Amino acid sequence: MQIKTYNTTPYDDQKPGTSGLRKKVRVFQQPGYLENFVQAIFNSLEDFQGKTLVLGGDGRYFNREAIQIIIKIAAANGFGELIIGQGGLLSTPAASNIIRKYQAFGGIVLSASHNPGGPDEDFGIKYNVSNGGPAPEKVTDALYQNTKTISAYHSAEIDDINLDQIGEIDIDGLKIRIIDSVADYAELMADIFDFKLIKDSIAAGLITLRFDAMHAITGPYAKHILEDVLGAAPGSVFNAVPQEDFGGGHPDPNMVHAHELTEIMFSDHAPTFGAASDGDGDRNMIMGANIFVTPSDSLAIMAANARLIPAYAKGISGVARSMPTSQAVDRVAKALNLNCYETPTGWKFFGNLLDAGKITLCGEESFGSGSNHVREKDGLWAVLFWLNLIARKRQPVADIVSEHWQKYGRDIYCRHDYEAVDSATANGIVDHLRSQLASLPGKTWGDYSVQYADEFSYTDPVDNSVSANQGIRIGFSNGSRIVFRLSGTGTVGATLRIYIEKYQKDTDNLHQDSAIALQQLVDIAEQLCEVKKRTGRTEPDVIT
Ligand code: G1P
Ligand code: ZN
């Protein structure tokens, strides 16, 4: 194999964010941009010669070209084997599973998750380590340092690989395996859940379902598992063919972007269960007939009922949630005497806890939940968890949620996003919040009296690494909270996220409208951060 070395100059904007490097496609198409980043990944790793690298992406625009480029750089850098999903496709959780199952050295996942795709939209790249999870900060920091000084990259002079043909090829000792993107993942799901019970419940009409794949990667996974294996009616999975631009939509499973599903689920002919997943298949939205389950509640309900699922029947070791996720799961952990961890935003912070066996389940308010079966969040896993739960409990989603609230109280929750805010203005908002922290405790608005106000810093209990400046927390004496943080995944300006949570114990008042229940806290949040005043906006871009 001929290897060619190309001189290059560094790009100064290759710092990985919450989940890898995300930029506009046109940024990635600049000469050497992707090549630099991939070479920088390999420069920051050691001892991978002859080992296996997994490669796949969510199929968005530029996926195929990027894979061909990465194959050549990986070959030139000395990997011994590349495992690639057919068509260059692997959902994020499936990639995590493949890395673990085939004991790969690591993997490169091409995705910008729930961001739109297309020539003028977003692309992304992320490196996952041998446990199947996103690279921890010490790896991404080293890689970023490398992008700043890189002067050359290496690329093998080989032809493009036919990504569509399942099978194995050998190029001068480099093994390239193109595998079925779905099969290993489907097998893993069958090991975790009671497929027979779910299948019988569907056959008996106890469960009817619709799944919106949002023209993204979970289409083939969901069609195979839900329709072919579990027997859901043909067409239950819709928008099922992955498209490079996600049909022009925004592949984010929430009620704003998955509006087709939302309309079905709030109509007279709603099935018993509805769900959606995102661009790369790691997010999920759970719905029942006329009900939306907040991701924070979903995590709490999973934790409370985990023993009903075969893989977790012996009990779970603990739970974790990202800091802005509601405290609903904490209440379950307390009642069940489980470890409970509050981590910074981003799945990578769960990896150590999962590896060390400190937790079994974890989740984020941003429509992510997962378990120790892989090291990424997993959209279809959450869907199957709920289907298994409904089949075991023989109850509609609304009743499962309602019973949970009766027992634990309800954390009424919402998130307001202000997108594409001028970066200086956004930093000004955060500085302004920071400057108030010391004086806030004791301050009272009506029923809300501030108990603590701080900037979240996390010390990893496994490796003692410290992650500071992870968002502003304002906690009230009645258990309510307001959290502010800037997004680490956006590609334009800054996104301010405001997370609002009100704890409702009073069992007569559990079903109130969340927008009404949270209005006072929303007003307090504006007084504290002045986002409307400082940006001239009148409302958030997205409320979830
Ligand atoms: C967002 C979510 C976060 C999630 C990440 C990747 O990050 O808030 O929970 O882990 O996407 O899916 P953010 O843009 O807030 O940094
Ligand atoms: Zn995603």
# chains A, B, ... in the order shown; residues from 1 in each chain; ligands from 1
>>> residues_near_ligand(ligand="ligand 1", cutoff="6 Å", atoms="only C-alpha atoms and all ligand atoms", output="VMD selection string")
chain A and resid 18 to 19 345 to 347 364 366 487 to 490
>>> residues_near_ligand(ligand="ligand 2", cutoff="12 Å", atoms="only C-alpha atoms and all ligand atoms", output="ChimeraX atom specification")
/A:18-20,57-58,91-93,109-116,124-126,216-218,250-253,276-285,346-347,364,366-369,376-380,489
>>> atom_distance(atom1="CA of Val182 in chain A", atom2="CA of Asn97 in chain A")
10.8 Å
>>> closest_residue(among="A:Glu46, A:Glu244, A:Asp191, A:Asp13", to="Phe62 in chain A", atoms="only C-alpha atoms")
A:Glu244
>>> closest_residue(among="A:Ala104, A:Ala335, A:Leu510, A:Val492", to="Glu419 in chain A", atoms="only C-alpha atoms")
A:Val492
>>> select_by_dssp(residues="range 104-190 of chain A", states="alpha helix (DSSP H)", output="MDAnalysis selection string")
chainID A and resid 137:149 183:190
>>> write_last_selection(atoms="N, CA and C atoms", output="PDB file, in the first residue's frame")
ATOM      1  N   GLU A 137     -12.704  13.822  28.315  1.00  0.00           N
ATOM      2  CA  GLU A 137     -12.109  15.136  28.040  1.00  0.00           C
ATOM      3  C   GLU A 137     -10.599  15.086  27.879  1.00  0.00           C
ATOM      4  N   LYS A 138      -9.926  14.184  28.592  1.00  0.00           N
ATOM      5  CA  LYS A 138      -8.460  14.190  28.451  1.00  0.00           C
ATOM      6  C   LYS A 138      -8.052  13.789  27.022  1.00  0.00           C
ATOM      7  N   VAL A 139      -8.866  12.942  26.395  1.00  0.00           N
ATOM      8  CA  VAL A 139      -8.575  12.566  25.009  1.00  0.00           C
ATOM      9  C   VAL A 139      -8.932  13.718  24.061  1.00  0.00           C
ATOM     10  N   THR A 140     -10.112  14.317  24.263  1.00  0.00           N
ATOM     11  CA  THR A 140     -10.502  15.393  23.338  1.00  0.00           C
ATOM     12  C   THR A 140      -9.603  16.617  23.521  1.00  0.00           C
ATOM     13  N   ASP A 141      -9.102  16.832  24.731  1.00  0.00           N
ATOM     14  CA  ASP A 141      -8.176  17.959  24.936  1.00  0.00           C
ATOM     15  C   ASP A 141      -6.870  17.737  24.170  1.00  0.00           C
ATOM     16  N   ALA A 142      -6.361  16.507  24.264  1.00  0.00           N
ATOM     17  CA  ALA A 142      -5.108  16.192  23.562  1.00  0.00           C
ATOM     18  C   ALA A 142      -5.301  16.326  22.056  1.00  0.00           C
ATOM     19  N   LEU A 143      -6.437  15.873  21.599  1.00  0.00           N
ATOM     20  CA  LEU A 143      -6.723  15.935  20.171  1.00  0.00           C
ATOM     21  C   LEU A 143      -6.833  17.390  19.712  1.00  0.00           C
ATOM     22  N   TYR A 144      -7.480  18.212  20.543  1.00  0.00           N
ATOM     23  CA  TYR A 144      -7.605  19.634  20.192  1.00  0.00           C
ATOM     24  C   TYR A 144      -6.221  20.296  20.121  1.00  0.00           C
ATOM     25  N   GLN A 145      -5.373  19.988  21.091  1.00  0.00           N
ATOM     26  CA  GLN A 145      -4.013  20.547  21.072  1.00  0.00           C
ATOM     27  C   GLN A 145      -3.316  20.176  19.756  1.00  0.00           C
ATOM     28  N   ASN A 146      -3.532  18.938  19.354  1.00  0.00           N
ATOM     29  CA  ASN A 146      -2.940  18.452  18.119  1.00  0.00           C
ATOM     30  C   ASN A 146      -3.420  19.202  16.884  1.00  0.00           C
ATOM     31  N   THR A 147      -4.732  19.553  16.884  1.00  0.00           N
ATOM     32  CA  THR A 147      -5.258  20.267  15.708  1.00  0.00           C
ATOM     33  C   THR A 147      -4.594  21.634  15.561  1.00  0.00           C
ATOM     34  N   LYS A 148      -4.050  22.149  16.657  1.00  0.00           N
ATOM     35  CA  LYS A 148      -3.467  23.500  16.610  1.00  0.00           C
ATOM     36  C   LYS A 148      -2.047  23.528  16.053  1.00  0.00           C
ATOM     37  N   THR A 149      -1.425  22.344  16.028  1.00  0.00           N
ATOM     38  CA  THR A 149      -0.027  22.333  15.581  1.00  0.00           C
ATOM     39  C   THR A 149       0.199  21.423  14.385  1.00  0.00           C
ATOM     40  N   ALA A 183     -28.024  -5.862  12.236  1.00  0.00           N
ATOM     41  CA  ALA A 183     -28.126  -7.207  12.828  1.00  0.00           C
ATOM     42  C   ALA A 183     -27.591  -7.307  14.265  1.00  0.00           C
ATOM     43  N   ASP A 184     -26.388  -6.804  14.512  1.00  0.00           N
ATOM     44  CA  ASP A 184     -25.805  -6.946  15.860  1.00  0.00           C
ATOM     45  C   ASP A 184     -26.626  -6.191  16.899  1.00  0.00           C
ATOM     46  N   TYR A 185     -27.115  -5.026  16.485  1.00  0.00           N
ATOM     47  CA  TYR A 185     -27.909  -4.213  17.412  1.00  0.00           C
ATOM     48  C   TYR A 185     -29.231  -4.928  17.744  1.00  0.00           C
ATOM     49  N   ALA A 186     -29.866  -5.476  16.716  1.00  0.00           N
ATOM     50  CA  ALA A 186     -31.150  -6.163  16.938  1.00  0.00           C
ATOM     51  C   ALA A 186     -30.951  -7.350  17.891  1.00  0.00           C
ATOM     52  N   GLU A 187     -29.828  -8.026  17.729  1.00  0.00           N
ATOM     53  CA  GLU A 187     -29.512  -9.159  18.606  1.00  0.00           C
ATOM     54  C   GLU A 187     -29.354  -8.707  20.065  1.00  0.00           C
ATOM     55  N   LEU A 188     -28.668  -7.579  20.231  1.00  0.00           N
ATOM     56  CA  LEU A 188     -28.462  -7.042  21.585  1.00  0.00           C
ATOM     57  C   LEU A 188     -29.811  -6.696  22.233  1.00  0.00           C
ATOM     58  N   MET A 189     -30.693  -6.064  21.476  1.00  0.00           N
ATOM     59  CA  MET A 189     -31.999  -5.693  22.030  1.00  0.00           C
ATOM     60  C   MET A 189     -32.798  -6.929  22.441  1.00  0.00           C
ATOM     61  N   ALA A 190     -32.675  -7.991  21.626  1.00  0.00           N
ATOM     62  CA  ALA A 190     -33.410  -9.227  21.944  1.00  0.00           C
ATOM     63  C   ALA A 190     -32.884  -9.862  23.230  1.00  0.00           C
TER      64      ALA A 190
END
>>> residues_around(residues="Leu308 in chain A", least_positions_apart="6", cutoff="9 Å", atoms="only C-alpha atoms", output="list in words")
Asn388, Leu389, Arg392 and Lys393 of chain A
>>> select_by_dssp(residues="range 61-136 of chain A", states="strand (DSSP E or B)", output="PyMOL selection string")
chain A and resi 81-89+106-110+122-128+134
>>> closest_residue(among="A:Gly479, A:Gly118, A:Gly428, A:Pro234", to="Gly59 in chain A", atoms="only C-alpha atoms")
A:Gly118
>>> residues_around(residues="Gln512 in chain A", least_positions_apart="6", cutoff="12 Å", atoms="only C-alpha atoms", output="JSON, numbers by chain")
{"A": [402, 410, 411, 412, 413, 502, 504, 506, 518]}
>>> write_last_selection(atoms="N, CA, C and O atoms", output="compact mmCIF listing (two decimals), in the first residue's frame")
# COMPACT_ATOMS: atom_id res chain seq x y z
N SER A 402 -49.15 8.55 35.64
CA SER A 402 -49.96 9.08 36.72
C SER A 402 -49.68 8.35 38.04
O SER A 402 -49.54 8.97 39.10
N ARG A 410 -44.49 15.05 41.35
CA ARG A 410 -44.17 15.33 39.94
C ARG A 410 -43.18 16.49 39.85
O ARG A 410 -43.38 17.51 40.50
N ASP A 411 -42.16 16.31 39.05
CA ASP A 411 -41.26 17.42 38.75
C ASP A 411 -41.71 18.02 37.42
O ASP A 411 -41.36 17.52 36.35
N ILE A 412 -42.54 19.04 37.51
CA ILE A 412 -43.04 19.69 36.29
C ILE A 412 -41.85 20.38 35.64
O ILE A 412 -41.05 21.04 36.34
N TYR A 413 -41.71 20.23 34.33
CA TYR A 413 -40.41 20.56 33.73
C TYR A 413 -40.55 21.15 32.35
O TYR A 413 -41.40 20.73 31.57
N LYS A 502 -40.35 22.53 38.61
CA LYS A 502 -41.13 22.80 39.82
C LYS A 502 -41.57 21.48 40.43
O LYS A 502 -42.18 20.66 39.75
N GLN A 504 -43.92 19.24 42.54
CA GLN A 504 -45.32 19.24 42.96
C GLN A 504 -45.61 17.96 43.73
O GLN A 504 -45.64 16.88 43.16
N ASP A 506 -48.29 17.81 46.04
CA ASP A 506 -49.71 17.78 46.35
C ASP A 506 -50.47 16.89 45.35
O ASP A 506 -50.59 17.21 44.19
N LEU A 518 -45.45 26.59 35.48
CA LEU A 518 -44.06 27.06 35.51
C LEU A 518 -43.92 28.56 35.24
O LEU A 518 -42.81 29.10 35.26
>>> atom_distance(atom1="CA of Ser298 in chain A", atom2="CA of Ser96 in chain A")
22.3 Å
>>> closest_residue(among="A:Ala270, A:Ala382, A:Leu206, A:Leu89", to="Asp180 in chain A", atoms="only C-alpha atoms")
A:Leu89
>>> residues_around(residues="Asp194 in chain A", least_positions_apart="3", cutoff="7 Å", atoms="only C-alpha atoms", output="MDAnalysis selection string")
chainID A and resid 197:198 310 388
>>> write_last_selection(atoms="C-alpha atoms", output="PDB file, in the first residue's frame")
ATOM      1  CA  LEU A 197     -44.068 -10.701  25.543  1.00  0.00           C
ATOM      2  CA  ILE A 198     -43.943  -7.514  23.466  1.00  0.00           C
ATOM      3  CA  PRO A 310     -35.293  -9.139  31.918  1.00  0.00           C
ATOM      4  CA  ASN A 388     -41.738  -4.039  27.531  1.00  0.00           C
TER       5      ASN A 388
END
>>> closest_residue(among="A:Thr208, A:Thr425, A:Ser465, A:Thr52", to="Ser236 in chain A", atoms="only C-alpha atoms")
A:Thr208
>>> residues_around(residues="Ile98 in chain A", least_positions_apart="3", cutoff="8 Å", atoms="only C-alpha atoms", output="list of chain:residue names")
A:Val54, A:Ala94, A:Ala95, A:Lys101, A:Tyr102, A:Gln103, A:Ala104, A:Gly132, A:Asp184
>>> residues_around(residues="Gly117 in chain A", least_positions_apart="6", cutoff="7 Å", atoms="only C-alpha atoms", output="PDB file with N, CA, C and O atoms, in the first residue's frame")
ATOM      1  N   ARG A  60     -26.054  11.411   6.868  1.00  0.00           N
ATOM      2  CA  ARG A  60     -26.333  12.768   6.393  1.00  0.00           C
ATOM      3  C   ARG A  60     -25.392  13.148   5.252  1.00  0.00           C
ATOM      4  O   ARG A  60     -24.387  12.464   4.988  1.00  0.00           O
ATOM      5  N   TYR A  61     -25.722  14.241   4.585  1.00  0.00           N
ATOM      6  CA  TYR A  61     -24.947  14.738   3.461  1.00  0.00           C
ATOM      7  C   TYR A  61     -23.462  14.805   3.835  1.00  0.00           C
ATOM      8  O   TYR A  61     -23.127  15.323   4.899  1.00  0.00           O
ATOM      9  N   PHE A 123     -22.589  18.996   9.787  1.00  0.00           N
ATOM     10  CA  PHE A 123     -21.906  17.707   9.771  1.00  0.00           C
ATOM     11  C   PHE A 123     -21.155  17.592  11.094  1.00  0.00           C
ATOM     12  O   PHE A 123     -20.921  18.597  11.779  1.00  0.00           O
ATOM     13  N   GLU A 244     -30.316  12.152   3.111  1.00  0.00           N
ATOM     14  CA  GLU A 244     -29.139  12.976   3.415  1.00  0.00           C
ATOM     15  C   GLU A 244     -29.501  14.306   4.053  1.00  0.00           C
ATOM     16  O   GLU A 244     -28.699  14.906   4.754  1.00  0.00           O
ATOM     17  N   ASP A 245     -30.728  14.776   3.773  1.00  0.00           N
ATOM     18  CA  ASP A 245     -31.139  16.066   4.364  1.00  0.00           C
ATOM     19  C   ASP A 245     -32.319  15.876   5.313  1.00  0.00           C
ATOM     20  O   ASP A 245     -33.022  16.830   5.648  1.00  0.00           O
ATOM     21  N   PHE A 246     -32.556  14.631   5.736  1.00  0.00           N
ATOM     22  CA  PHE A 246     -33.652  14.323   6.658  1.00  0.00           C
ATOM     23  C   PHE A 246     -34.983  14.894   6.156  1.00  0.00           C
ATOM     24  O   PHE A 246     -35.792  15.414   6.943  1.00  0.00           O
TER      25      PHE A 246
END
>>> closest_residue(among="A:Ala300, A:Ile150, A:Ile286, A:Ala66", to="Ala398 in chain A", atoms="only C-alpha atoms")
A:Ile286
>>> atom_distance(atom1="CA of Arg321 in chain A", atom2="CA of Pro344 in chain A")
8.5 Å
